[in-house]
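A.B. asks: A single structure is presented below for examination.
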Amino acid sequence: MSWVTVGMVLALGGLVAAGIAAITAGWLPPLGRYRVVRPRLWGCGALVSALGMGVFEFLGPLRGPDIRMAPYVLSGTAVFLVGSALQMLARRPGRPATPPAS
């Protein structure tokens with residue numbers, strides 16, 4: 001198991017934990033928290049994104065070159081993009097990218 005695999009598992013685990021926290025408790029990570037209006041939708045998007053990225057990474061680049069896995073890898077990419085779109089829908093439109101000055 002290489003350090004890349006460990007890093008991917010930790011990153012996906014963090015995204016899954018943030019998604020579950022957003023769905024169950026309405027808690028969001030501090031980065032970009034003020035822009036999200038619907039935390040449960042954001043959490044669902046995070047879980048879908050983590051699933052898609054996991055399928056992509058573990059059946060694609062981390063597994064090695066295997067053309068038989070190409071449909072699954074591309075499906076993982078599509079699922080990741082759907083999850084990202086759900087996370088974008090959970091944001092408040094028209095807000096600045098930086099937090100307001102206090």
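Starting from 1 in every chain, residues are counted up; chains themselves are A, B, ... following the order of the structure tokens, and ligands are numbered from 1 as listed.
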Counting only C-alpha atoms, which residues in range 43-77 of chain A sit no more than 12 Å from range 25-37 of chain A? For each one, give the nearest pair of atoms and the distance in Å, sorted by chain then residue number, as JSON lines.

C.D. replies:
{"residue": "A:Gly43", "atom": "CA", "partner": "A:Leu28", "partner_atom": "CA", "distance": 8.3}
{"residue": "A:Cys44", "atom": "CA", "partner": "A:Gly26", "partner_atom": "CA", "distance": 11.4}
{"residue": "A:Ala46", "atom": "CA", "partner": "A:Leu28", "partner_atom": "CA", "distance": 10.7}

A.B. asks: At a cut-off of 12 Å, using only C-alpha atoms, what residues contact Gly54 in chain A? Leave out same-chain residues fewer than 4 positions from it and give the result as a PyMOL selection string.

C.D. replies: chain A and resi 5+7-13+15-16+46-50+58-63+72-80

A.B. asks: To one decimal place in Å, what is the distance between CA of Ser2 in chain A and CA of Ala18 in chain A?

C.D. replies: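 So the two atoms, CA of Ser2 in chain A and CA of Ala18 in chain A, lie 24.6 Å apart.
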
A.B. asks: So the first atom is CA of Gly83 in chain A and the second is CA of Gly52 in chain A; what is the distance between them in Å, to one decimal place?

C.D. replies: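 These atoms are spaced 7.9 Å apart.
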
A.B. asks: Interatomic distance between CA of Ala22 in chain A and CA of Gly45 in chain A?

C.D. replies: 10.1 Å

A.B. asks: With distances taken over only C-alpha atoms, which residue among A:Ala17, A:Met69, A:Leu41, A:Val6 lies nearest Leu89 in chain A?

C.D. replies: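 Checking each candidate against Leu89 in chain A, we get A:Leu41 as the closest.
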
A.B. asks: Taking only C-alpha atoms into account, which of A:Thr24, A:Pro65, A:Gly19, A:Pro39 comes nearest Arg91 in chain A?

C.D. replies: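 Once distances to Arg91 in chain A are computed over only C-alpha atoms, the minimum belongs to A:Pro39.
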
A.B. asks: Go through chain A and collect every residue that DSSP, computed from the backbone, puts in helix (DSSP H, G or I); the answer should be as a PyMOL selection string.

C.D. replies: chain A and resi 3-25+33-35+39-59+67-89

A.B. asks: Given only C-alpha atoms as the basis, pick out the residue of A:Leu86, A:Arg38, A:Ile67, A:Leu81 nearest to Met53 in chain A.

C.D. replies: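 Closest residue, counting only C-alpha atoms: A:Leu81.
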